[in-house]
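Down below is the structure, laid out as structure tokens.
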Amino acid sequence: MISWIAIAAALLLVLYAVTAYNRLVRLRNECEQGASSIDVQLKRRADLIPNLVQSVKAYAGHESATFEAVSAARAATLAAASLDARAAADGLMQSAITGLIGVAEAYPKLRAVESFTALQAELADTEDRIAAARRYYNTVVRNRNTAIQSVPTNVVARLGGFAPAAFYRLEDDADREPVAVGLST
Amino acid sequence: MTLQQQIRSNRFRTGVVLLGFAAISLLLVGAVDLAFKPTIATFVGVGALVYGVISWFFADRMVAAAAGARKVAKADAPELFRAVENAAIGAGLTRVPDVYLIDDPAPNAFAAGRSPEHAYVAATTGLVRILDRSELEAVMAHEIAHVRNRDVRLMSLAAVLVGVIALTCDLLLRMTLWGGSSRDRDSNNPLTLVIGIAALVLAPIGAALLQMSLSRRREYLADASAAEITGDGRSLALALAKLRDDKQPLRTVTRATAHLYIESPLRDHKGLRSSLGGLFDTHPPLDERIRRLAEAGGFPVP
């Protein structure tokens with residue numbers, strides 16, 4: 001009788017460990033998917049930059065410091081290998097774009113160019129997507145970290161080698177406010 | 001409840017619903033057996049089965065057709081597309097659902113499709129017109145949440161089964177009323193006929209009740225998920241307030257698809273609703289949904 005109870009308890013324990021392990025794997029995959037989704041959207045924004053710079057340059061060729069900042073941020077985005085590097089490049093890009101739009105504000109003729117307004121709309125669109133991807137990533141990271149740190153999943157996590165993931169944070173927490181890419185008219 | 005628990009509980013409920021519908025179908029079969037010739041009973045039974053299987057696989061398209069929704073490209077409805085894409089990214093869906101538009105001034109929206117891979121969301125032109133960007137995104141996030149939580153699968157199944165039962169009963173009732181089709185040996189026994197007719201009348205009601213009770217709770221969960229997806233519960237509350245204040249009824253709507261919408265499209269049932277204590281409602285009252293969002297988000301009730 002006692003031995004049967006022991007066997008049943010052991011079986012239950014194994015069953016629990018397997019479910020918990022699978023859950024941790026799923027949470028980890030969700031994080032990876034979230035990170036790659038951020039990546040896709042950041043690249044999408046980087047792809048918009050050359051055309052945007054071109055159209056502003058046509059009207060404000062002398063603002064070279066602004067263009068350099070944007071190009072540097074773009075290069076940093078494309079070169080970023082880790083999520084932290086991506087977040088840093090994201091922050092750079094946001095301030096560079098704010099500068100670029102600030103320059104464009106001074107040229108009413110540029111603001112009337114259709115291709116420029118279209119680019120700007122697409123940029124605003126992409127900013128929204130980046131924000132959504134960031135939010136999803138941080139949600140799944142929170143779920144994963146909660147699972148890894150709570151009892152008793154933490155035991156399975158330690159045995160399986162699951163480590164908590166870092167949140168996607170922008171310096172100075174600028175992600176609380178969307179970047180102002182629209183022109184004030 | 002975490003998302004996974006929700007999904008699991010939805011699987012469980014799908015099972016319960018199937019059992020419930022099986023029970024209703026058995027009742028029907030019993031009634032048919034009592035009151036009709038065996039050949040007719042078999043014919044109707046096989047017909048209903050075939051109809052059910054076909055409609056499960058064509059449910060996506062049938063629901064769209066019933067709602068008068070047509071698939072649109074990004075250029076046709078850029079604001080709507082943007083809202084759907086953002087919500088899909090925020091929800092972590094690997095595929096952005098197709099977008100359908102319904103030409104109707106009444107603001108409403110729904111999601112359908114038997115799996116996330118086949119899912120689509122539909123919005124009326126009225127919804128796109130009266131909501132601003134963040135409100136539209138919040139409503140789309142609510143629909144996307146239904147897709148992600150596998151609610152649409154459960155609800156599509158419910159819609160198909162209710163459709164099958166309603167059709168069968170309708171058919172049999174008509175045949176009974178025409179007369180001449182009841183069993184020869186029982187033709188002089190009015191009791192069997194009464195039982196048969198009672199079952200035929202009650203079965204669709206039972207099926208509808210089951211469907212309603214399923215969908216009410218899903219709405220609160222989808223609201224909560226939407227607030228998480230957009231990080232903005234207030235916009236959803238504002239959007240729901242706009243839906244509440246708009247009194248236009250939706251033109252193209254059938255009972256079978258009523259539970260798919262973000263807000264109940266059946267306004268003519270208001271009187272019945274209050275007298276039966278919401279038993280037939282597919283949706284909890286909008287005021288209550290708004291209140292819960294406001295409470296969770298810590299902002300004043302709009």
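In the structure tokens, chains take the letters A, B, ... in the order shown, each chain's residues start at 1, and ligands count up from 1 in the order shown.
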
(request) Could you list, as number ranges by chain, the residues of chain A having an atom within 6 Å of chain B when counting only C-alpha atoms? (result) A: 129, 132-133, 136

(request) Tell me, as number ranges by chain, which residues lie within 9 Å of range 16-29 of chain A, counting only C-alpha atoms; anything in the same chain fewer than 2 positions away does not count. (result) A: 11-14, 31-34, 140-141, 143-144, 147-148, 153, 156-157, 160, 162, 165

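The residue set within 9 Å of Leu28 in chain B, counting only C-alpha atoms and dropping same-chain residues fewer than 5 places from it, reads Ala23, Asp33, Ile165, Thr168, Cys169, Gly196, Ala199, Leu200 and Ala203 of chain B.
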
(request) Pull the helix (DSSP H, G or I) assignments for range 2-182 of chain A out of DSSP run on the backbone, and list those residues as number ranges by chain. (result) A: 2-57, 64-79, 83-105, 108-112, 114-149, 153-160, 171-176

(request) For Gly233 in chain B, work out the shell of residues within 12 Å, counting only C-alpha atoms and skipping chain neighbours fewer than 3 positions away, then give it as a PyMOL selection string. (result) chain B and resi 134-135+137-139+141-142+222-230+236-240+289-302

Print the selection's residues with C-alpha atoms to a file, as a PDB file, in the first residue's frame.
```
ATOM      1  CA  SER B 134      -6.310  54.629 -30.486  1.00  0.00           C
ATOM      2  CA  GLU B 135      -9.946  53.646 -29.929  1.00  0.00           C
ATOM      3  CA  GLU B 137      -6.814  49.973 -32.207  1.00  0.00           C
ATOM      4  CA  ALA B 138      -8.334  49.099 -28.825  1.00  0.00           C
ATOM      5  CA  VAL B 139     -11.413  47.551 -30.461  1.00  0.00           C
ATOM      6  CA  ALA B 141      -7.128  44.449 -29.966  1.00  0.00           C
ATOM      7  CA  HIS B 142     -10.332  43.120 -28.377  1.00  0.00           C
ATOM      8  CA  ALA B 222     -11.170  39.840 -24.244  1.00  0.00           C
ATOM      9  CA  ASP B 223     -11.575  43.347 -22.800  1.00  0.00           C
ATOM     10  CA  ALA B 224      -8.860  42.662 -20.234  1.00  0.00           C
ATOM     11  CA  SER B 225      -6.550  41.158 -22.874  1.00  0.00           C
ATOM     12  CA  ALA B 226      -7.145  44.127 -25.168  1.00  0.00           C
ATOM     13  CA  ALA B 227      -6.122  46.524 -22.407  1.00  0.00           C
ATOM     14  CA  GLU B 228      -2.928  44.525 -21.982  1.00  0.00           C
ATOM     15  CA  ILE B 229      -2.208  44.349 -25.731  1.00  0.00           C
ATOM     16  CA  THR B 230      -2.533  48.084 -26.323  1.00  0.00           C
ATOM     17  CA  LEU B 236     -11.195  50.741 -25.085  1.00  0.00           C
ATOM     18  CA  ALA B 237     -13.509  52.148 -22.418  1.00  0.00           C
ATOM     19  CA  LEU B 238     -13.986  55.296 -24.490  1.00  0.00           C
ATOM     20  CA  ALA B 239     -14.696  53.219 -27.590  1.00  0.00           C
ATOM     21  CA  LEU B 240     -17.238  51.107 -25.716  1.00  0.00           C
ATOM     22  CA  ARG B 289     -17.680  46.276 -19.123  1.00  0.00           C
ATOM     23  CA  ILE B 290     -16.717  49.950 -19.094  1.00  0.00           C
ATOM     24  CA  ARG B 291     -16.873  50.016 -15.304  1.00  0.00           C
ATOM     25  CA  ARG B 292     -14.530  47.035 -15.012  1.00  0.00           C
ATOM     26  CA  LEU B 293     -12.041  48.594 -17.421  1.00  0.00           C
ATOM     27  CA  ALA B 294     -12.128  51.875 -15.508  1.00  0.00           C
ATOM     28  CA  GLU B 295     -11.625  50.069 -12.235  1.00  0.00           C
ATOM     29  CA  ALA B 296      -8.629  48.102 -13.525  1.00  0.00           C
ATOM     30  CA  GLY B 297      -7.075  51.095 -15.239  1.00  0.00           C
ATOM     31  CA  GLY B 298      -7.721  53.627 -12.496  1.00  0.00           C
ATOM     32  CA  PHE B 299      -9.422  56.246 -14.668  1.00  0.00           C
ATOM     33  CA  PRO B 300     -12.891  57.801 -14.342  1.00  0.00           C
ATOM     34  CA  VAL B 301     -15.809  55.979 -15.976  1.00  0.00           C
ATOM     35  CA  PRO B 302     -16.557  57.674 -19.315  1.00  0.00           C
TER      36      PRO B 302
END
```

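Taking CA of Phe116 in chain A as the reference point, CA of Leu92 in chain A is found at 21.9 Å.
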